[in-house]
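As stored in input10.txt (compact mmCIF, C-alpha atoms):
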```txt
# COMPACT_ATOMS: atom_id res chain seq x y z
CA MET A 1 85.76 111.11 118.36
CA ILE A 2 89.02 109.35 119.25
CA ILE A 3 89.85 106.26 117.22
CA GLY A 4 92.60 103.95 118.48
CA GLY A 5 94.61 103.99 121.69
CA SER A 6 96.89 106.57 123.24
CA LYS A 7 98.02 109.41 120.97
CA LYS A 8 101.08 110.42 123.01
CA GLU A 9 103.54 108.82 120.58
CA VAL A 10 101.76 110.43 117.64
CA ILE A 11 101.93 113.85 119.29
CA ALA A 12 105.62 113.30 120.02
CA ASN A 13 106.12 112.58 116.32
CA ILE A 14 104.26 115.79 115.39
CA LYS A 15 106.52 117.76 117.75
CA LYS A 16 109.64 116.15 116.25
CA ASN A 17 108.51 116.83 112.67
CA ILE A 18 107.76 120.46 113.52
CA GLU A 19 111.22 120.87 115.02
CA ASN A 20 112.71 119.34 111.85
CA LYS A 21 110.45 121.46 109.59
CA GLU A 22 109.01 118.32 108.00
CA TYR A 23 105.38 119.35 107.73
CA ASN A 24 104.13 116.59 105.42
CA LYS A 25 105.88 113.61 107.04
CA LYS A 26 104.05 110.64 108.55
CA VAL A 27 103.37 110.71 112.30
CA GLU A 28 101.04 107.75 112.80
CA VAL A 29 102.44 104.55 114.30
CA ASN A 30 101.80 100.96 113.25
CA ASP A 31 100.83 101.92 109.69
CA ALA A 32 101.39 99.15 107.16
CA VAL A 33 104.71 99.10 105.32
CA LEU A 34 104.34 97.42 101.93
CA THR A 35 106.84 96.23 99.36
CA ASP A 36 106.40 97.23 95.71
CA GLU A 37 105.11 93.74 95.00
CA GLN A 38 102.55 93.96 97.81
CA ILE A 39 101.40 97.39 96.60
CA ASP A 40 100.81 95.96 93.12
CA GLU A 41 98.89 93.04 94.62
CA TYR A 42 96.59 95.31 96.67
CA LEU A 43 95.97 97.66 93.74
CA ASN A 44 95.22 94.81 91.34
CA LYS A 45 92.86 93.26 93.88
CA PHE A 46 91.13 96.61 94.44
CA TYR A 47 90.37 97.21 90.78
CA LYS A 48 89.43 93.59 90.15
CA GLN A 49 86.90 93.55 92.98
CA LYS A 50 85.40 96.87 91.80
CA LYS A 51 84.13 95.04 88.71
CA SER A 52 82.35 92.37 90.74
CA PHE A 53 78.71 92.23 91.84
CA THR A 54 79.95 91.61 95.39
CA TYR A 55 81.60 95.04 95.36
CA LYS A 56 78.28 96.75 94.68
CA ILE A 57 76.66 94.97 97.62
CA LYS A 58 79.53 95.75 100.00
CA ASN A 59 79.73 99.33 98.73
CA LYS A 60 76.05 99.94 99.56
CA ALA A 61 76.40 98.30 102.98
CA VAL A 62 79.56 100.22 103.89
CA MET A 63 78.16 103.57 102.73
CA LYS A 64 74.97 102.95 104.72
CA GLY A 65 77.12 102.23 107.77
CA ILE A 66 79.09 105.43 107.23
CA TYR A 67 75.91 107.51 107.07
CA ASN A 68 74.34 105.80 110.09
CA THR A 69 77.49 106.10 112.20
CA GLY A 70 78.17 109.67 111.14
CA LYS A 71 74.70 111.19 111.45
CA ASP A 72 75.35 112.69 114.88
CA ILE A 73 78.84 113.78 113.85
CA ILE A 74 77.55 115.57 110.75
CA ASP A 75 74.64 117.16 112.63
CA ASN A 76 77.11 118.78 115.07
CA ILE A 77 79.42 120.21 112.38
CA LYS A 78 79.04 123.93 111.69
CA VAL A 79 79.55 125.34 108.18
CA VAL A 80 80.38 128.95 107.27
CA GLY A 81 81.25 130.58 103.96
CA GLN A 82 78.57 128.85 101.90
CA GLU A 83 78.39 131.95 99.70
CA ASN A 84 81.75 130.92 98.22
CA LEU A 85 79.98 128.04 96.46
CA ALA A 86 77.70 130.37 94.53
CA ASN A 87 77.94 130.20 90.75
CA ILE A 88 80.45 127.35 90.76
CA SER A 89 80.07 125.06 87.74
CA LEU A 90 80.26 121.38 88.63
CA SER A 91 79.38 119.91 85.23
CA LYS A 92 82.85 118.36 85.12
CA GLY A 93 83.07 117.83 88.87
CA ALA A 94 85.66 119.36 91.17
CA ILE A 95 88.54 118.50 93.42
CA ILE A 96 88.08 119.46 97.06
CA THR A 97 90.84 120.00 99.63
CA CYS A 98 90.83 120.07 103.41
CA ASN A 99 93.27 119.95 106.31
CA HIS A 100 93.80 116.32 107.40
CA PHE A 101 93.66 115.71 111.16
CA ASN A 102 91.43 112.75 111.95
CA PRO A 103 90.32 109.43 110.40
CA LEU A 104 86.77 110.84 110.50
CA ASP A 105 87.50 114.34 109.17
CA SER A 106 85.95 113.44 105.82
CA TYR A 107 82.57 113.89 107.51
CA ASN A 108 83.26 117.63 107.35
CA VAL A 109 83.71 117.32 103.61
CA ARG A 110 80.63 115.12 103.28
CA LYS A 111 78.52 117.80 104.92
CA VAL A 112 79.58 120.23 102.19
CA VAL A 113 79.59 117.86 99.21
CA GLU A 114 76.56 115.70 99.97
CA GLY A 115 74.62 118.03 102.26
CA ILE A 116 75.04 121.34 100.41
CA LEU A 117 76.18 120.56 96.87
CA LYS A 118 74.14 117.33 96.62
CA LYS A 119 77.03 115.58 94.89
CA LYS A 120 78.73 112.22 95.34
CA LEU A 121 82.07 112.20 97.17
CA TYR A 122 85.10 110.10 96.28
CA ILE A 123 88.18 110.09 98.50
CA VAL A 124 91.79 109.62 97.43
CA ILE A 125 93.64 107.37 99.88
CA GLU A 126 97.21 106.13 100.28
CA GLU A 127 97.72 102.68 98.85
CA THR A 128 98.80 101.34 102.27
CA ASN A 129 95.26 101.97 103.56
CA LEU A 130 94.07 99.09 101.39
CA ALA A 131 95.92 96.77 103.78
CA MET A 132 93.85 97.85 106.79
CA THR A 133 91.65 95.25 108.44
CA GLY A 134 88.32 95.34 110.25
CA GLU A 135 85.83 98.17 109.77
CA LEU A 136 88.46 100.65 108.59
CA GLY A 137 89.64 98.11 106.04
CA LEU A 138 86.12 97.79 104.66
CA ILE A 139 85.83 101.57 104.43
CA MET A 140 89.14 101.93 102.63
CA ASN A 141 88.27 99.23 100.11
CA TYR A 142 84.55 99.80 99.55
CA ALA A 143 83.60 103.41 100.40
CA ASN A 144 84.09 105.17 97.04
CA THR A 145 87.84 105.47 97.48
CA ILE A 146 90.55 105.94 94.87
CA PRO A 147 93.98 104.67 95.93
CA ILE A 148 97.12 106.55 94.97
CA THR A 149 100.74 105.49 94.97
CA LYS A 150 103.89 107.36 93.95
CA LYS A 151 104.58 105.04 91.02
CA PRO A 152 104.48 107.28 87.91
CA ASN A 153 103.20 104.50 85.65
CA TYR A 154 100.20 103.88 87.93
CA ILE A 155 99.41 107.60 88.20
CA LEU A 156 99.47 108.11 84.44
CA LYS A 157 97.77 104.93 83.29
CA THR A 158 95.33 104.18 86.13
CA PHE A 159 94.90 106.98 88.67
CA ILE A 160 94.34 109.95 86.37
CA PRO A 161 91.89 108.06 84.10
CA GLU A 162 90.04 106.88 87.22
CA ILE A 163 89.57 110.35 88.71
CA LYS A 164 88.76 111.75 85.26
CA LYS A 165 85.93 109.21 84.93
CA VAL A 166 84.60 110.17 88.36
CA LEU A 167 84.87 113.90 87.66
CA ASP A 168 83.26 113.61 84.22
CA GLU A 169 80.18 112.25 85.98
CA GLY A 170 79.97 115.50 87.98
CA ASN A 171 81.28 114.05 91.23
CA ILE A 172 83.68 115.59 93.76
CA VAL A 173 87.09 114.09 94.58
CA LEU A 174 88.69 114.77 97.96
CA ILE A 175 92.47 115.00 97.93
CA TYR A 176 94.32 115.88 101.14
CA PRO A 177 97.15 118.20 99.99
CA GLU A 178 98.93 117.85 103.34
CA GLU A 179 99.21 114.13 102.48
CA GLU A 180 99.71 112.70 105.98
CA MET A 181 97.17 112.91 108.81
CA TRP A 182 98.38 114.77 111.91
CA PHE A 183 95.95 113.90 114.69
CA ASN A 184 93.89 116.92 115.85
CA TYR A 185 96.59 119.34 114.67
CA ARG A 186 94.89 122.71 114.36
CA LYS A 187 97.28 124.44 111.96
CA PRO A 188 97.17 124.18 108.15
CA ARG A 189 100.34 122.71 106.66
CA PRO A 190 102.00 123.43 103.29
CA CYS A 191 100.10 121.97 100.35
CA LYS A 192 101.78 119.45 98.07
CA ARG A 193 101.20 120.09 94.35
CA GLY A 194 99.45 116.86 93.32
CA ALA A 195 95.82 117.92 93.83
CA TYR A 196 96.35 121.12 91.85
CA GLN A 197 98.28 119.40 89.09
CA PHE A 198 95.36 117.02 88.56
CA ALA A 199 92.90 119.93 88.68
CA SER A 200 94.88 121.82 86.07
CA GLU A 201 95.34 118.82 83.82
CA LEU A 202 91.65 117.88 84.00
CA LYS A 203 90.45 121.52 83.93
CA VAL A 204 88.31 121.41 87.07
CA PRO A 205 88.02 123.85 90.00
CA VAL A 206 89.36 123.25 93.48
CA ILE A 207 86.93 123.76 96.36
CA SER A 208 88.98 124.88 99.35
CA LEU A 209 88.01 124.02 102.94
CA PHE A 210 89.58 124.63 106.34
CA VAL A 211 88.26 122.97 109.49
CA GLN A 212 88.49 124.86 112.76
CA MET A 213 88.55 122.83 116.00
CA ASP A 214 87.48 124.32 119.34
CA ASP A 215 87.77 122.53 122.67
CA LEU A 216 84.62 121.75 124.65
CA ASP A 217 84.52 121.26 128.41
CA THR A 218 83.62 117.56 128.29
CA ASN A 219 86.01 114.63 128.06
CA ASP A 220 86.19 112.28 125.08
CA ASN A 221 88.69 110.07 126.95
CA ASP A 222 91.52 110.46 129.48
CA GLU A 223 93.76 112.24 126.95
CA PHE A 224 91.31 114.44 125.04
CA LEU A 225 88.40 116.80 125.48
CA ASN A 226 85.60 116.69 122.97
CA VAL A 227 86.05 119.09 120.07
CA GLU A 228 83.58 121.22 118.11
CA GLN A 229 84.32 121.47 114.38
CA THR A 230 83.53 124.36 112.05
CA VAL A 231 84.04 124.02 108.29
CA HIS A 232 85.16 127.22 106.57
CA ILE A 233 84.32 127.16 102.85
CA LEU A 234 86.95 129.34 101.19
CA LYS A 235 87.25 130.91 97.75
CA THR A 236 87.10 128.39 94.89
CA ILE A 237 90.40 128.12 93.00
CA TYR A 238 90.50 127.79 89.21
CA PRO A 239 93.35 126.78 86.91
CA ASP A 240 94.57 129.55 84.63
CA GLU A 241 94.29 128.47 80.99
CA ASN A 242 97.28 130.70 80.14
CA LYS A 243 99.59 128.81 82.49
CA SER A 244 101.22 125.42 82.12
CA ILE A 245 100.10 122.53 84.30
CA ARG A 246 103.24 122.94 86.43
CA GLU A 247 102.80 126.71 86.74
CA ASN A 248 99.16 126.22 87.73
CA SER A 249 99.99 123.54 90.29
CA ILE A 250 102.48 125.85 92.01
CA ALA A 251 100.22 128.91 91.95
CA MET A 252 97.08 127.02 93.03
CA ALA A 253 98.87 125.20 95.86
CA GLU A 254 100.20 128.53 97.12
CA GLN A 255 96.77 130.16 96.91
CA ASP A 256 95.10 127.28 98.76
CA TYR A 257 97.71 127.31 101.52
CA ASN A 258 97.43 131.09 101.91
CA GLN A 259 93.62 130.84 102.08
CA LYS A 260 93.83 128.17 104.76
CA LYS A 261 96.46 130.21 106.62
CA THR A 262 94.19 133.28 106.59
CA ALA A 263 91.22 131.19 107.74
CA TYR A 264 93.31 129.80 110.61
CA GLU A 265 94.41 133.26 111.70
CA LYS A 266 90.84 134.60 111.65
CA ALA A 267 89.44 131.54 113.44
CA TYR A 268 91.95 131.52 116.26
CA GLY A 269 92.85 135.23 116.39
CA LYS A 270 96.60 134.76 116.05
CA LYS A 271 99.32 134.59 113.42
CA LEU A 272 100.27 131.21 112.01
CA THR A 273 103.72 130.09 113.12
CA TYR A 274 105.18 126.62 113.37
CA ASP A 275 106.49 126.92 116.90
CA PHE A 276 105.16 123.79 118.61
CA SER A 277 102.71 124.00 121.50
CA TYR A 278 100.50 121.28 122.97
CA GLN A 279 97.66 123.75 122.44
CA ASP A 280 98.13 123.09 118.71
CA ILE A 281 96.60 119.65 119.32
CA ALA A 282 92.85 120.20 119.64
CA GLY A 283 91.39 118.86 122.86
CA TYR A 284 94.68 117.45 124.15
CA ILE A 285 94.96 117.28 127.92
CA ALA A 286 98.71 117.81 128.41
CA ASN A 287 100.09 116.36 131.63
```
As structure tokens, how would this structure be written, given the file I've shared?
Amino acid sequence: MIIGGSKKEVIANIKKNIENKEYNKKVEVNDAVLTDEQIDEYLNKFYKQKKSFTYKIKNKAVMKGIYNTGKDIIDNIKVVGQENLANISLSKGAIITCNHFNPLDSYNVRKVVEGILKKKLYIVIEETNLAMTGELGLIMNYANTIPITKKPNYILKTFIPEIKKVLDEGNIVLIYPEEEMWFNYRKPRPCKRGAYQFASELKVPVISLFVQMDDLDTNDNDEFLNVEQTVHILKTIYPDENKSIRENSIAMAEQDYNQKKTAYEKAYGKKLTYDFSYQDIAGYIAN
């Protein structure tokens, strides 16, 4: 499903970033740009409203809307590799990772977390997403999200305690290790260390997913064909108690990337390279 207008500028940004070997850089256009003061205001507002009765009402309404809207999407998602979830202990929750390619790609994760594991999903979002308006703004503010910013004081004093509380309840936290969303980009990108650092520090496993996208022969709009999605559940990654948090974050990020790379190569029958092709953009009708 295509959200928003033309993606030609976004695809041009992906091409430019690939040429510059900047695989985790932003490509979306018209995203909010916030000052430090505005970031603090949005974060303070977010946590203040979470304590209100109004938040509970809006949270239930927004989550109901997500499930109602996404029923057909979830029903059409294929899942393979479910055996890799066998014997995983979720008493202290888990962090889950996935390639990030669409505003709705969390439905793939929901199918695994809520449909198979029967657990509650929380999603880590960039702090700028709190400034969104309309339906997406409601989702970002009320749909079991946890905002993150690069301010060390916030990460230490607010973010880590928040995800620890969620994990201690046995829930699953989605962190996109690629950081930025690259629209319908098929290839896995290098994983930043944050998700694995938190997993190591909080002593929880990392559930690794890779979503394959295959073109269908029907149009979504003038620029894109519809796409069929297949979730590959990969080997669960555990922190090594004999390694430091930093050592674990490096090793786990590398393992996750290599697993996603292998899944990509098996799914598409070709080696992963970062030479740009319009075929790397799932469903794109290149003119």
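The residue that comes closest to Asn76 (chain A), out of A:Lys164, A:Lys64, A:Lys111, A:Lys58 and on the basis of all atoms listed in the file, is A:Lys111.
Atom pair CA of Phe46 (chain A) / CA of Lys118 (chain A): separated by 26.9 Å.
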Query raised in the report: Can you tell me, as number ranges by chain, what residues are no more than 12 Å from Leu138 (chain A) when counting all atoms listed in the file, ignoring any on the same chain fewer than 2 positions away?
Result: A: 46, 55, 58-63, 65-66, 129-136, 140-145
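The spacing separating CA of Asn171 (chain A) from CA of Tyr185 (chain A) amounts to 28.5 Å.
Around Leu225 (chain A), within 9 Å and counting only C-alpha atoms, the residues found are Asp215, Leu216, Asp217, Thr218, Asn219, Asp220, Asn221, Ala282, Gly283, Tyr284 and Ile285 of chain A, once anything fewer than 4 positions away on its own chain is removed.
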Query raised in the report: Could you name the residues that touch Ser244 (chain A) at 12 Å or less, counting all atoms listed in the file, but leaving out those on the same chain fewer than 3 positions away, as JSON, numbers by chain?
Result: {"A": [196, 197, 199, 200, 201, 203, 239, 240, 241, 247, 248, 249, 250, 251, 252]}
Query raised in the report: Taking only C-alpha atoms into account, which of A:Asn226, A:Thr128, A:Ile281, A:Ile155 comes nearest Gln38 (chain A)?
Result: A:Thr128
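Proximity of A:Lys119, A:Ile163, A:Gly137, A:Val109 to Tyr176 (chain A), computed with all atoms listed in the file, is greatest for A:Val109.
Among the candidates A:Val173, A:Ile39, A:Ala86, A:Ile14, the one nearest to Glu114 (chain A) when counting all atoms listed in the file is A:Val173.
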Quick one: residues within 12 Å of Asn87 (chain A), all atoms listed in the file counted, chain neighbours fewer than 5 positions away excluded, as an mmCIF file with C-alpha atoms, in the coordinates of the input?
```
data_model
loop_
_atom_site.group_PDB
_atom_site.id
_atom_site.type_symbol
_atom_site.label_atom_id
_atom_site.label_comp_id
_atom_site.auth_asym_id
_atom_site.auth_seq_id
_atom_site.Cartn_x
_atom_site.Cartn_y
_atom_site.Cartn_z
ATOM 1 C CA GLN A 82 78.570 128.850 101.900
ATOM 2 C CA LEU A 117 76.180 120.560 96.870
ATOM 3 C CA PRO A 205 88.020 123.850 90.000
ATOM 4 C CA LYS A 235 87.250 130.910 97.750
ATOM 5 C CA THR A 236 87.100 128.390 94.890
#
```
Query raised in the report: If you count only C-alpha atoms, which residues fall within 7 Å of Pro177 (chain A), apart from same-chain ones fewer than 6 positions away, as a VMD selection string?
Result: chain A and resid 97 191 to 192 195
